[in-house]
>>> print(open('structure.pdb').read())   # PDB, C-alpha atoms
MODEL        1
ATOM      1  CA  MET C 214       0.000   0.000   0.000
ATOM      2  CA  ALA C 215       1.508   3.298  -1.069
ATOM      3  CA  PRO C 216       2.003   5.679   1.812
ATOM      4  CA  SER C 217      -0.193   8.723   1.355
ATOM      5  CA  THR C 218       1.624  11.866   2.386
ATOM      6  CA  LYS C 219      -1.002  14.455   3.059
ATOM      7  CA  THR C 220       0.092  17.976   3.815
ATOM      8  CA  LYS C 221      -0.240  18.398   7.560
ATOM      9  CA  VAL C 222      -3.112  20.719   8.266
ATOM     10  CA  SER C 223      -3.063  22.296  11.678
ATOM     11  CA  ARG C 224      -6.188  21.869  13.750
ATOM     12  CA  ASN C 225      -5.318  25.105  15.477
ATOM     13  CA  PRO C 226      -6.303  28.013  13.238
ATOM     14  CA  ASP C 227      -4.317  31.247  13.558
ATOM     15  CA  LEU C 228      -6.015  34.236  15.082
ATOM     16  CA  ILE C 229      -3.031  36.324  14.207
ATOM     17  CA  ARG C 230       0.282  34.959  13.019
ATOM     18  CA  GLY C 231       1.832  33.296  16.029
ATOM     19  CA  VAL C 232      -1.340  33.165  18.119
ATOM     20  CA  GLY C 233      -3.540  30.103  17.868
ATOM     21  CA  LYS C 234      -7.195  29.873  18.669
ATOM     22  CA  TYR C 235      -6.926  26.950  21.043
ATOM     23  CA  SER C 236      -4.920  26.537  24.207
ATOM     24  CA  ARG C 237      -2.522  23.711  24.908
ATOM     25  CA  SER C 238      -5.047  21.729  26.882
ATOM     26  CA  GLN C 239      -7.706  22.270  24.231
ATOM     27  CA  MET C 240      -5.280  21.079  21.546
ATOM     28  CA  TYR C 241      -4.431  18.031  23.664
ATOM     29  CA  HIS C 242      -8.071  17.122  23.559
ATOM     30  CA  LYS C 243      -8.475  17.935  19.866
ATOM     31  CA  ARG C 244      -5.536  15.824  18.770
ATOM     32  CA  GLY C 245      -6.936  12.875  20.622
ATOM     33  CA  LEU C 246      -3.817  12.280  22.670
ATOM     34  CA  TRP C 247      -6.100  11.135  25.501
ATOM     35  CA  ALA C 248      -7.464   8.406  23.219
ATOM     36  CA  ILE C 249      -3.994   7.277  22.159
ATOM     37  CA  LYS C 250      -2.966   7.055  25.798
ATOM     38  CA  ALA C 251      -6.097   5.155  26.768
ATOM     39  CA  LYS C 252      -5.401   2.642  24.019
ATOM     40  CA  ASN C 253      -1.906   2.154  25.340
ATOM     41  CA  GLY C 254      -2.839   1.739  29.017
ATOM     42  CA  GLY C 255      -2.425   5.260  30.326
ATOM     43  CA  VAL C 256       1.019   5.864  28.922
ATOM     44  CA  PHE C 257       2.000   7.397  25.619
ATOM     45  CA  PRO C 258       3.274   4.661  23.302
ATOM     46  CA  ARG C 259       7.015   4.473  23.049
ATOM     47  CA  HIS C 260       8.902   2.778  20.280
ATOM     48  CA  ASP C 261      12.297   1.432  21.134
ATOM     49  CA  ALA C 262      15.029   2.143  18.664
ATOM     50  CA  LYS C 263      15.367  -0.627  16.117
ATOM     51  CA  PRO C 264      18.538  -2.651  16.577
ATOM     52  CA  ALA C 265      21.079  -1.326  14.150
ATOM     53  CA  ALA C 266      22.155  -3.736  11.435
ATOM     54  CA  ALA C 267      25.631  -5.106  12.048
ATOM     55  CA  GLU C 268      27.993  -2.827  10.191
ATOM     56  CA  PRO C 269      30.761  -4.396   8.190
ATOM     57  CA  VAL C 270      34.172  -3.938   9.744
ATOM     58  CA  VAL C 271      35.823  -0.951   8.096
ATOM     59  CA  LYS C 272      39.581  -0.601   8.194
ATOM     60  CA  PRO C 273      40.769   2.879   9.069
ATOM     61  CA  PRO C 274      42.112   4.469   5.880
ATOM     62  CA  LYS C 275      45.893   4.523   5.453
ATOM     63  CA  TYR C 276      45.923   7.947   3.904
ATOM     64  CA  TYR C 277      44.299  11.159   4.987
ATOM     65  CA  PRO C 278      44.633  14.238   2.789
ATOM     66  CA  ALA C 279      46.775  16.920   4.432
ATOM     67  CA  ASP C 280      44.394  19.800   3.745
ATOM     68  CA  ASP C 281      40.662  19.739   3.844
ATOM     69  CA  VAL C 282      39.331  18.738   0.469
ATOM     70  CA  LYS C 283      36.513  20.966  -0.734
ATOM     71  CA  LYS C 284      33.398  19.248  -1.936
ATOM     72  CA  PRO C 285      31.951  20.762  -5.080
ATOM     73  CA  LEU C 286      28.467  22.137  -4.623
ATOM     74  CA  ALA C 287      25.726  19.780  -5.692
ATOM     75  CA  ASN C 288      24.245  20.741  -9.066
ATOM     76  CA  LYS C 289      20.517  20.131  -9.120
ATOM     77  CA  ARG C 290      19.828  21.695 -12.481
ATOM     78  CA  LYS C 291      17.719  19.754 -14.916
ATOM     79  CA  ALA C 292      18.271  20.011 -18.620
ATOM     80  CA  ARG C 293      15.098  21.125 -20.339
ATOM     81  CA  PRO C 294      14.390  21.875 -23.968
ATOM     82  CA  THR C 295      14.128  25.570 -24.861
ATOM     83  CA  LYS C 296      10.707  26.992 -24.339
ATOM     84  CA  LEU C 297       8.838  26.891 -27.607
ATOM     85  CA  ARG C 298       7.426  30.190 -28.790
ATOM     86  CA  ALA C 299       3.643  30.357 -28.764
ATOM     87  CA  SER C 300       3.656  31.164 -32.471
ATOM     88  CA  ILE C 301       5.321  27.856 -33.322
ATOM     89  CA  THR C 302       2.908  24.925 -33.380
ATOM     90  CA  PRO C 303       3.188  21.646 -35.300
ATOM     91  CA  GLY C 304       2.405  22.420 -38.906
ATOM     92  CA  THR C 305       3.495  26.049 -38.838
ATOM     93  CA  VAL C 306       5.379  27.322 -41.854
ATOM     94  CA  LEU C 307       8.719  28.702 -40.700
ATOM     95  CA  ILE C 308      11.193  30.909 -42.510
ATOM     96  CA  ILE C 309      14.782  29.812 -41.978
ATOM     97  CA  LEU C 310      17.005  32.822 -41.467
ATOM     98  CA  SER C 311      20.543  31.605 -41.875
ATOM     99  CA  GLY C 312      22.641  28.747 -43.058
ATOM    100  CA  ARG C 313      22.447  26.820 -46.282
ATOM    101  CA  PHE C 314      18.671  27.073 -46.501
ATOM    102  CA  LYS C 315      18.249  30.701 -45.581
ATOM    103  CA  GLY C 316      15.037  32.189 -46.817
ATOM    104  CA  LYS C 317      13.390  28.827 -47.336
ATOM    105  CA  ARG C 318       9.860  28.336 -46.123
ATOM    106  CA  VAL C 319       9.620  25.105 -44.293
ATOM    107  CA  VAL C 320       7.109  23.031 -42.294
ATOM    108  CA  PHE C 321       7.635  22.562 -38.560
ATOM    109  CA  LEU C 322       7.056  19.051 -37.267
ATOM    110  CA  LYS C 323       8.035  18.882 -33.619
ATOM    111  CA  GLN C 324      10.490  20.039 -31.009
ATOM    112  CA  LEU C 325      13.196  17.564 -30.110
ATOM    113  CA  ALA C 326      14.537  16.862 -26.647
ATOM    114  CA  SER C 327      17.576  19.046 -27.251
ATOM    115  CA  GLY C 328      15.297  22.020 -27.912
ATOM    116  CA  LEU C 329      15.965  22.119 -31.648
ATOM    117  CA  LEU C 330      13.059  22.119 -34.034
ATOM    118  CA  LEU C 331      12.498  19.227 -36.420
ATOM    119  CA  VAL C 332      11.629  20.601 -39.793
ATOM    120  CA  THR C 333      11.071  19.358 -43.338
ATOM    121  CA  GLY C 334      10.792  21.129 -46.716
ATOM    122  CA  PRO C 335       9.097  18.947 -47.835
ATOM    123  CA  PHE C 336      12.109  17.832 -49.785
ATOM    124  CA  LYS C 337      10.352  17.599 -53.138
ATOM    125  CA  ILE C 338       9.037  21.108 -52.914
ATOM    126  CA  ASN C 339      12.026  23.102 -51.802
ATOM    127  CA  GLY C 340      14.946  20.745 -51.255
ATOM    128  CA  VAL C 341      15.028  21.012 -47.476
ATOM    129  CA  PRO C 342      15.335  17.533 -45.946
ATOM    130  CA  LEU C 343      14.362  16.444 -42.453
ATOM    131  CA  ARG C 344      16.529  18.784 -40.503
ATOM    132  CA  ARG C 345      17.054  20.335 -37.115
ATOM    133  CA  VAL C 346      16.881  24.083 -36.732
ATOM    134  CA  ASN C 347      17.411  26.374 -33.800
ATOM    135  CA  GLN C 348      14.393  28.356 -32.756
ATOM    136  CA  ALA C 349      16.295  31.637 -32.721
ATOM    137  CA  TYR C 350      17.130  31.330 -36.423
ATOM    138  CA  VAL C 351      13.555  30.969 -37.526
ATOM    139  CA  ILE C 352      10.587  33.258 -38.111
ATOM    140  CA  ALA C 353       7.204  31.687 -37.526
ATOM    141  CA  THR C 354       4.554  32.699 -40.039
ATOM    142  CA  SER C 355       0.862  32.501 -39.423
ATOM    143  CA  THR C 356       0.435  29.928 -42.190
ATOM    144  CA  LYS C 357      -0.320  26.459 -40.909
ATOM    145  CA  VAL C 358      -0.182  23.127 -42.672
ATOM    146  CA  ASP C 359      -2.289  20.214 -41.518
ATOM    147  CA  ILE C 360       0.155  17.564 -40.316
ATOM    148  CA  ALA C 361      -2.337  15.115 -38.926
ATOM    149  CA  GLY C 362      -1.222  11.698 -40.029
ATOM    150  CA  VAL C 363       2.484  12.465 -40.136
ATOM    151  CA  ASN C 364       4.368  10.050 -37.919
ATOM    152  CA  VAL C 365       7.334  11.786 -36.334
ATOM    153  CA  GLU C 366       7.765   9.467 -33.386
ATOM    154  CA  LYS C 367      10.993   7.885 -34.543
ATOM    155  CA  PHE C 368      12.960  11.102 -35.040
ATOM    156  CA  ASP C 369      15.089  12.300 -32.185
ATOM    157  CA  ASP C 370      18.486  13.873 -31.750
ATOM    158  CA  LYS C 371      20.301  10.544 -32.030
ATOM    159  CA  TYR C 372      18.885  10.130 -35.542
ATOM    160  CA  PHE C 373      20.828  13.200 -36.601
ATOM    161  CA  ALA C 374      24.075  12.365 -34.860
ATOM    162  CA  LYS C 375      27.119  12.203 -37.099
ATOM    163  CA  GLU C 376      28.392   8.730 -37.781
ATOM    164  CA  VAL C 377      31.702   8.119 -36.087
ATOM    165  CA  ALA C 378      34.317   7.324 -38.715
ATOM    166  CA  LYS C 379      35.883   3.987 -38.136
ATOM    167  CA  LYS C 380      39.624   4.109 -37.700
ATOM    168  CA  ASN C 381      41.110   1.754 -40.215
ATOM    169  CA  LYS C 382      44.705   0.774 -40.030
ATOM    170  CA  LYS C 383      45.913   0.558 -43.548
ATOM    171  CA  GLY C 384      49.215   0.309 -45.274
ATOM    172  CA  GLU C 385      50.512   3.351 -47.097
ATOM    173  CA  GLY C 386      49.704   2.003 -50.525
ATOM    174  CA  GLU C 387      46.115   1.305 -49.698
ATOM    175  CA  PHE C 388      45.714   4.587 -47.846
ATOM    176  CA  PHE C 389      45.517   6.774 -50.932
ATOM    177  CA  GLU C 390      43.156   4.478 -52.772
ATOM    178  CA  ALA C 391      40.789   4.174 -49.863
ATOM    179  CA  GLU C 392      40.436   7.919 -49.488
ATOM    180  CA  LYS C 393      39.131   8.250 -52.993
ATOM    181  CA  ASP C 394      36.560   5.515 -52.509
ATOM    182  CA  GLU C 395      34.938   6.997 -49.426
ATOM    183  CA  LYS C 396      32.047   9.053 -50.618
ATOM    184  CA  LYS C 397      29.329  10.142 -48.279
ATOM    185  CA  THR C 398      26.085   8.823 -49.667
ATOM    186  CA  LEU C 399      22.884   9.181 -47.759
ATOM    187  CA  PRO C 400      21.759   5.790 -46.439
ATOM    188  CA  ALA C 401      18.626   4.491 -48.122
ATOM    189  CA  ALA C 402      16.840   4.285 -44.790
ATOM    190  CA  LYS C 403      17.011   8.047 -44.368
ATOM    191  CA  LYS C 404      15.688   8.624 -47.869
ATOM    192  CA  GLU C 405      12.756   6.372 -47.095
ATOM    193  CA  ASP C 406      12.059   8.223 -43.861
ATOM    194  CA  GLN C 407      12.027  11.484 -45.788
ATOM    195  CA  GLN C 408       9.629  10.145 -48.400
ATOM    196  CA  GLY C 409       7.404   8.649 -45.739
ATOM    197  CA  VAL C 410       6.992  11.933 -43.951
ATOM    198  CA  ASP C 411       6.692  13.990 -47.109
ATOM    199  CA  ALA C 412       4.096  11.784 -48.788
ATOM    200  CA  VAL C 413       1.525  12.613 -46.138
ATOM    201  CA  LEU C 414       2.517  16.266 -46.066
ATOM    202  CA  LEU C 415       2.303  16.708 -49.819
ATOM    203  CA  LYS C 416      -1.292  15.600 -49.839
ATOM    204  CA  SER C 417      -2.330  18.153 -47.258
ATOM    205  CA  ILE C 418      -0.259  20.846 -48.967
ATOM    206  CA  GLU C 419      -1.827  20.273 -52.355
ATOM    207  CA  CYS C 420      -5.273  20.716 -50.830
ATOM    208  CA  VAL C 421      -4.535  24.348 -50.125
ATOM    209  CA  PRO C 422      -4.356  26.580 -53.199
ATOM    210  CA  ASP C 423      -0.949  28.233 -53.820
ATOM    211  CA  LEU C 424       0.632  26.663 -50.736
ATOM    212  CA  LYS C 425       2.976  24.567 -52.832
ATOM    213  CA  THR C 426       4.341  27.536 -54.769
ATOM    214  CA  TYR C 427       4.531  29.461 -51.523
ATOM    215  CA  LEU C 428       6.709  26.807 -49.945
ATOM    216  CA  SER C 429       8.919  26.493 -52.983
ATOM    217  CA  ALA C 430       9.595  30.233 -53.085
ATOM    218  CA  ARG C 431      12.254  31.798 -50.906
ATOM    219  CA  PHE C 432      11.581  34.669 -48.564
ATOM    220  CA  SER C 433      13.559  37.825 -49.198
ATOM    221  CA  LEU C 434      13.427  41.444 -48.215
ATOM    222  CA  MET C 435      12.623  43.706 -51.103
ATOM    223  CA  SER C 436      13.518  47.320 -51.426
ATOM    224  CA  GLY C 437      11.452  49.364 -49.036
ATOM    225  CA  MET C 438      10.382  46.426 -46.867
ATOM    226  CA  LYS C 439      10.913  47.111 -43.215
ATOM    227  CA  PRO C 440      11.066  43.947 -41.113
ATOM    228  CA  HIS C 441       9.937  45.729 -37.989
ATOM    229  CA  GLU C 442       6.712  46.634 -39.769
ATOM    230  CA  LEU C 443       6.084  43.286 -41.409
ATOM    231  CA  VAL C 444       3.441  40.966 -40.074
ATOM    232  CA  PHE C 445       4.505  37.387 -40.607
TER
ATOM    233  CA  MET I 135      19.253  41.264 -43.728
ATOM    234  CA  VAL I 136      18.646  44.914 -43.409
ATOM    235  CA  LYS I 137      21.089  47.473 -44.684
ATOM    236  CA  GLY I 138      22.670  49.940 -42.349
ATOM    237  CA  ARG I 139      25.448  52.459 -42.208
ATOM    238  CA  GLN I 140      27.877  52.659 -39.398
ATOM    239  CA  GLY I 141      30.561  54.983 -38.424
ATOM    240  CA  GLU I 142      30.462  57.306 -35.531
ATOM    241  CA  ARG I 143      31.629  56.089 -32.198
ATOM    242  CA  VAL I 144      29.851  56.763 -28.994
ATOM    243  CA  ARG I 145      31.517  59.900 -27.788
ATOM    244  CA  SER I 146      31.419  62.971 -25.703
ATOM    245  CA  LYS I 147      32.852  66.248 -26.927
ATOM    246  CA  SER I 148      36.493  65.389 -26.620
ATOM    247  CA  ASN I 149      36.542  61.686 -25.860
ATOM    248  CA  GLN I 150      35.399  58.806 -27.994
ATOM    249  CA  TYR I 151      34.700  55.281 -26.880
ATOM    250  CA  PRO I 152      35.576  52.934 -29.721
ATOM    251  CA  ASN I 153      34.056  49.818 -28.213
ATOM    252  CA  THR I 154      30.562  50.916 -29.234
ATOM    253  CA  SER I 155      29.631  52.075 -32.717
ATOM    254  CA  LEU I 156      26.560  53.862 -33.896
ATOM    255  CA  VAL I 157      24.574  52.263 -36.692
ATOM    256  CA  GLN I 158      21.904  53.897 -38.808
ATOM    257  CA  ILE I 159      19.484  51.190 -39.983
ATOM    258  CA  GLU I 160      17.550  51.987 -43.138
ATOM    259  CA  GLY I 161      13.893  52.571 -42.536
ATOM    260  CA  VAL I 162      14.178  52.907 -38.778
ATOM    261  CA  ASN I 163      13.384  56.397 -37.679
ATOM    262  CA  THR I 164      12.157  56.314 -34.106
ATOM    263  CA  LYS I 165      13.292  54.919 -30.803
ATOM    264  CA  GLU I 166      10.209  52.676 -30.621
ATOM    265  CA  GLU I 167      11.002  51.002 -33.925
ATOM    266  CA  VAL I 168      14.455  50.053 -32.637
ATOM    267  CA  SER I 169      13.017  47.597 -30.118
ATOM    268  CA  TRP I 170      12.468  45.056 -32.900
ATOM    269  CA  TYR I 171      16.159  45.168 -33.739
ATOM    270  CA  GLN I 172      17.504  44.903 -30.251
ATOM    271  CA  GLY I 173      19.697  41.849 -29.938
ATOM    272  CA  LYS I 174      19.886  41.248 -33.662
ATOM    273  CA  ARG I 175      23.293  40.385 -35.007
ATOM    274  CA  VAL I 176      25.197  42.823 -37.128
ATOM    275  CA  ALA I 177      27.973  42.047 -39.588
ATOM    276  CA  TYR I 178      30.638  44.363 -40.941
ATOM    277  CA  ILE I 179      32.064  42.788 -44.064
ATOM    278  CA  TYR I 180      35.241  43.937 -45.712
ATOM    279  CA  LYS I 181      37.797  42.759 -48.210
ATOM    280  CA  ALA I 182      41.452  42.121 -47.745
ATOM    281  CA  LYS I 183      44.255  41.192 -50.069
ATOM    282  CA  VAL I 184      45.353  38.088 -48.200
ATOM    283  CA  LYS I 185      43.022  35.121 -48.398
ATOM    284  CA  VAL I 186      41.806  33.849 -45.053
ATOM    285  CA  LYS I 187      40.131  30.423 -45.097
ATOM    286  CA  GLY I 188      39.840  30.562 -48.850
ATOM    287  CA  SER I 189      38.151  33.936 -49.122
ATOM    288  CA  HIS I 190      39.153  37.549 -49.623
ATOM    289  CA  TYR I 191      36.146  38.634 -47.576
ATOM    290  CA  ARG I 192      36.308  39.053 -43.841
ATOM    291  CA  CYS I 193      33.656  39.788 -41.259
ATOM    292  CA  ILE I 194      33.404  41.338 -37.855
ATOM    293  CA  TRP I 195      30.266  40.249 -36.025
ATOM    294  CA  GLY I 196      28.427  42.316 -33.476
ATOM    295  CA  LYS I 197      24.988  42.924 -32.127
ATOM    296  CA  VAL I 198      22.523  45.731 -31.695
ATOM    297  CA  ILE I 199      22.472  46.734 -28.063
ATOM    298  CA  ARG I 200      20.157  49.672 -27.559
ATOM    299  CA  PRO I 201      18.785  52.739 -29.236
ATOM    300  CA  HIS I 202      20.838  55.872 -29.327
ATOM    301  CA  GLY I 203      18.715  58.964 -29.087
ATOM    302  CA  ASN I 204      15.201  59.415 -30.400
ATOM    303  CA  THR I 205      15.529  59.080 -34.143
ATOM    304  CA  GLY I 206      16.273  55.430 -34.727
ATOM    305  CA  ILE I 207      20.050  55.350 -34.469
ATOM    306  CA  VAL I 208      21.274  52.258 -32.740
ATOM    307  CA  ARG I 209      24.301  51.325 -30.680
ATOM    308  CA  ALA I 210      26.146  48.202 -31.689
ATOM    309  CA  LYS I 211      28.978  46.357 -30.039
ATOM    310  CA  PHE I 212      31.291  44.222 -32.097
ATOM    311  CA  THR I 213      33.572  41.358 -31.168
ATOM    312  CA  SER I 214      36.475  43.618 -31.915
ATOM    313  CA  ASN I 215      36.275  47.356 -32.319
ATOM    314  CA  LEU I 216      35.567  48.523 -35.832
ATOM    315  CA  PRO I 217      38.494  50.087 -37.630
ATOM    316  CA  PRO I 218      38.304  53.843 -38.208
ATOM    317  CA  LYS I 219      38.581  53.461 -41.956
ATOM    318  CA  SER I 220      35.183  51.750 -41.847
ATOM    319  CA  MET I 221      33.392  54.902 -40.824
ATOM    320  CA  GLY I 222      30.460  55.531 -43.095
ATOM    321  CA  SER I 223      30.544  52.039 -44.538
ATOM    322  CA  ARG I 224      27.813  49.506 -45.083
ATOM    323  CA  VAL I 225      26.829  47.124 -42.301
ATOM    324  CA  ARG I 226      24.385  44.217 -42.488
ATOM    325  CA  VAL I 227      21.781  43.892 -39.770
ATOM    326  CA  MET I 228      20.532  40.320 -39.665
ATOM    327  CA  MET I 229      17.068  39.170 -38.768
ATOM    328  CA  PHE I 230      18.333  36.630 -36.248
ATOM    329  CA  PRO I 231      18.147  35.848 -33.302
ATOM    330  CA  SER I 232      14.490  36.073 -34.027
ATOM    331  CA  ASN I 233      11.673  36.436 -31.596
ATOM    332  CA  ILE I 234       8.681  36.235 -33.942
TER
ENDMDL
END
>>> encode(input="structure.pdb", output="structure tokens")
Amino acid sequence: MAPSTKTKVSRNPDLIRGVGKYSRSQMYHKRGLWAIKAKNGGVFPRHDAKPAAAEPVVKPPKYYPADDVKKPLANKRKARPTKLRASITPGTVLIILSGRFKGKRVVFLKQLASGLLLVTGPFKINGVPLRRVNQAYVIATSTKVDIAGVNVEKFDDKYFAKEVAKKNKKGEGEFFEAEKDEKKTLPAAKKEDQQGVDAVLLKSIECVPDLKTYLSARFSLMSGMKPHELVF
Amino acid sequence: MVKGRQGERVRSKSNQYPNTSLVQIEGVNTKEEVSWYQGKRVAYIYKAKVKVKGSHYRCIWGKVIRPHGNTGIVRAKFTSNLPPKSMGSRVRVMMFPSNI
């Protein structure tokens, strides 16, 4: 049976802070101490200390540090993902502000445990694959895409981790040949994941008129456009 | 990115403080409009004869700190102080880190 820890409520309400309504003898009666005593034959029940378990014999240490060793302070911080802006909800169209895909309009899928946003082009529309993006480098527009039916459960930060290159011991002759052969090709599994996610998205995008051309076009500031006056 | 011009240092009559530069952002004319740009990164890009990391172009990054006065001028602090020859030159005000 799970112990239920209820917050202890005092039976002695405060008249003012520090002054209770009931006196000591009244509280004695209220708490039922008389009943506990009566149950125990006139004496308040007393529990003897439990016999301590036999401690294993510990040898005194041979070495004591000369100076007091400082203990580092305990760190009780918990890592939490960055707080997601209210304007960013699954299915929002985001504008990426920097990096290789700057200016691209992209669909937001979910926030990963590291705080980064999982995002996809979709790839067929604008060439942006399943990718992670930092929230600070993104503008959220008010355009939403329906992403019901897109399964993003399997994507997490580990999926995007770089593959550790295996260290191969090779002779000098083989060394130069091997370097030429190593080409980074995207594993077929990742291509399938991309197509799986995009297939569902494309259907919902094509339902909305002009959304496809909107997503394939890049965002840019034209002459005379003032970002502080734009409504996204 | 938004275009801007930079040049003057923060200064009093006879002393200038080169760690902060003043930037005039195009289209920003009041102190209230500057609040959108606060915290945005700023880049001063210049060319040099010697190639560094494969490019003749070099950049000094900074950020918009606060407005300067009432008419939309902005104070910016850069990772290293801007060189005096850059006074009056073009500066790029980026739209990140974004808060929209």
>>> closest_atom_pairs(input="structure.pdb", of="chain I", to="chain C", cutoff="9 Å", atoms="only C-alpha atoms", output="JSON lines")
{"residue": "I:Met135", "atom": "CA", "partner": "C:Leu434", "partner_atom": "CA", "distance": 7.4}
{"residue": "I:Val136", "atom": "CA", "partner": "C:Leu434", "partner_atom": "CA", "distance": 7.9}
{"residue": "I:Glu160", "atom": "CA", "partner": "C:Lys439", "partner_atom": "CA", "distance": 8.2}
{"residue": "I:Gly161", "atom": "CA", "partner": "C:Lys439", "partner_atom": "CA", "distance": 6.3}
{"residue": "I:Val162", "atom": "CA", "partner": "C:Lys439", "partner_atom": "CA", "distance": 8.0}
{"residue": "I:Glu167", "atom": "CA", "partner": "C:His441", "partner_atom": "CA", "distance": 6.7}
{"residue": "I:Val168", "atom": "CA", "partner": "C:His441", "partner_atom": "CA", "distance": 8.2}
{"residue": "I:Ser169", "atom": "CA", "partner": "C:His441", "partner_atom": "CA", "distance": 8.7}
{"residue": "I:Trp170", "atom": "CA", "partner": "C:His441", "partner_atom": "CA", "distance": 5.7}
{"residue": "I:Tyr171", "atom": "CA", "partner": "C:His441", "partner_atom": "CA", "distance": 7.6}
{"residue": "I:Met228", "atom": "CA", "partner": "C:Leu310", "partner_atom": "CA", "distance": 8.5}
{"residue": "I:Met229", "atom": "CA", "partner": "C:Leu310", "partner_atom": "CA", "distance": 6.9}
{"residue": "I:Phe230", "atom": "CA", "partner": "C:Tyr350", "partner_atom": "CA", "distance": 5.4}
{"residue": "I:Pro231", "atom": "CA", "partner": "C:Ala349", "partner_atom": "CA", "distance": 4.6}
{"residue": "I:Ser232", "atom": "CA", "partner": "C:Ala349", "partner_atom": "CA", "distance": 5.0}
{"residue": "I:Asn233", "atom": "CA", "partner": "C:Ala349", "partner_atom": "CA", "distance": 6.8}
{"residue": "I:Ile234", "atom": "CA", "partner": "C:Ile352", "partner_atom": "CA", "distance": 5.5}
>>> resolve_selection(input="structure.pdb", expression="the PyMOL selection byres ((chain I and resi 201-209) around 10)", output="ChimeraX atom specification")
/I:138-140,142-144,154-169,171-172,197-200,210-211
>>> resolve_selection(input="structure.pdb", expression="the PyMOL selection byres ((chain C and resi 314) around 12)", output="PyMOL selection string")
chain C and resi 307-313+315-319+332-334+336+339-342+344-346+350-351+429-432
>>> resolve_selection(input="structure.pdb", expression="the PyMOL selection byres ((chain I and resi 221) around 8)", output="list in words")
Gln140, Gly141, Glu142, Pro217, Pro218, Lys219, Ser220, Gly222 and Ser223 of chain I
>>> atom_distance(input="structure.pdb", atom1="atom CA of Tyr241 of chain C", atom2="atom CA of Val256 of chain C")
14.3 Å
>>> residues_near_point(input="structure.pdb", point="(0.7, 16.1, -47.0)", cutoff="9 Å", atoms="only C-alpha atoms", output="ChimeraX atom specification")
/C:335,358-363,410-420
>>> write_last_selection(input="structure.pdb", atoms="C-alpha atoms", output="tab-separated table (two decimals), in the coordinates of the input")
chain	number	residue	atom	x	y	z
C	335	PRO	CA	9.10	18.95	-47.84
C	358	VAL	CA	-0.18	23.13	-42.67
C	359	ASP	CA	-2.29	20.21	-41.52
C	360	ILE	CA	0.16	17.56	-40.32
C	361	ALA	CA	-2.34	15.12	-38.93
C	362	GLY	CA	-1.22	11.70	-40.03
C	363	VAL	CA	2.48	12.46	-40.14
C	410	VAL	CA	6.99	11.93	-43.95
C	411	ASP	CA	6.69	13.99	-47.11
C	412	ALA	CA	4.10	11.78	-48.79
C	413	VAL	CA	1.52	12.61	-46.14
C	414	LEU	CA	2.52	16.27	-46.07
C	415	LEU	CA	2.30	16.71	-49.82
C	416	LYS	CA	-1.29	15.60	-49.84
C	417	SER	CA	-2.33	18.15	-47.26
C	418	ILE	CA	-0.26	20.85	-48.97
C	419	GLU	CA	-1.83	20.27	-52.36
C	420	CYS	CA	-5.27	20.72	-50.83
>>> build_atoms(input="structure.pdb", residues="segment 138-146 of chain I", atoms="N, CA, C and O atoms", output="compact mmCIF listing (two decimals), keeping the file's coordinate frame")
# COMPACT_ATOMS: atom_id res chain seq x y z
N GLY I 138 22.44 48.87 -43.30
CA GLY I 138 22.67 49.94 -42.35
C GLY I 138 24.00 50.59 -42.63
O GLY I 138 24.83 50.05 -43.36
N ARG I 139 24.16 51.76 -42.07
CA ARG I 139 25.45 52.46 -42.21
C ARG I 139 26.02 52.64 -40.83
O ARG I 139 25.30 52.93 -39.89
N GLN I 140 27.31 52.47 -40.72
CA GLN I 140 27.88 52.66 -39.40
C GLN I 140 29.03 53.63 -39.50
O GLN I 140 29.56 53.88 -40.58
N GLY I 141 29.41 54.11 -38.36
CA GLY I 141 30.56 54.98 -38.42
C GLY I 141 30.90 55.61 -37.11
O GLY I 141 31.90 55.27 -36.51
N GLU I 142 30.01 56.52 -36.68
CA GLU I 142 30.46 57.31 -35.53
C GLU I 142 30.60 56.41 -34.32
O GLU I 142 29.90 55.42 -34.17
N ARG I 143 31.50 56.76 -33.47
CA ARG I 143 31.63 56.09 -32.20
C ARG I 143 30.78 56.81 -31.18
O ARG I 143 30.42 57.96 -31.34
N VAL I 144 30.49 56.10 -30.13
CA VAL I 144 29.85 56.76 -28.99
C VAL I 144 30.90 57.71 -28.40
O VAL I 144 32.03 57.32 -28.18
N ARG I 145 30.51 58.95 -28.21
CA ARG I 145 31.52 59.90 -27.79
C ARG I 145 30.93 61.04 -27.02
O ARG I 145 29.74 61.31 -27.09
N SER I 146 31.79 61.67 -26.26
CA SER I 146 31.42 62.97 -25.70
C SER I 146 32.19 64.01 -26.52
O SER I 146 32.74 63.67 -27.55
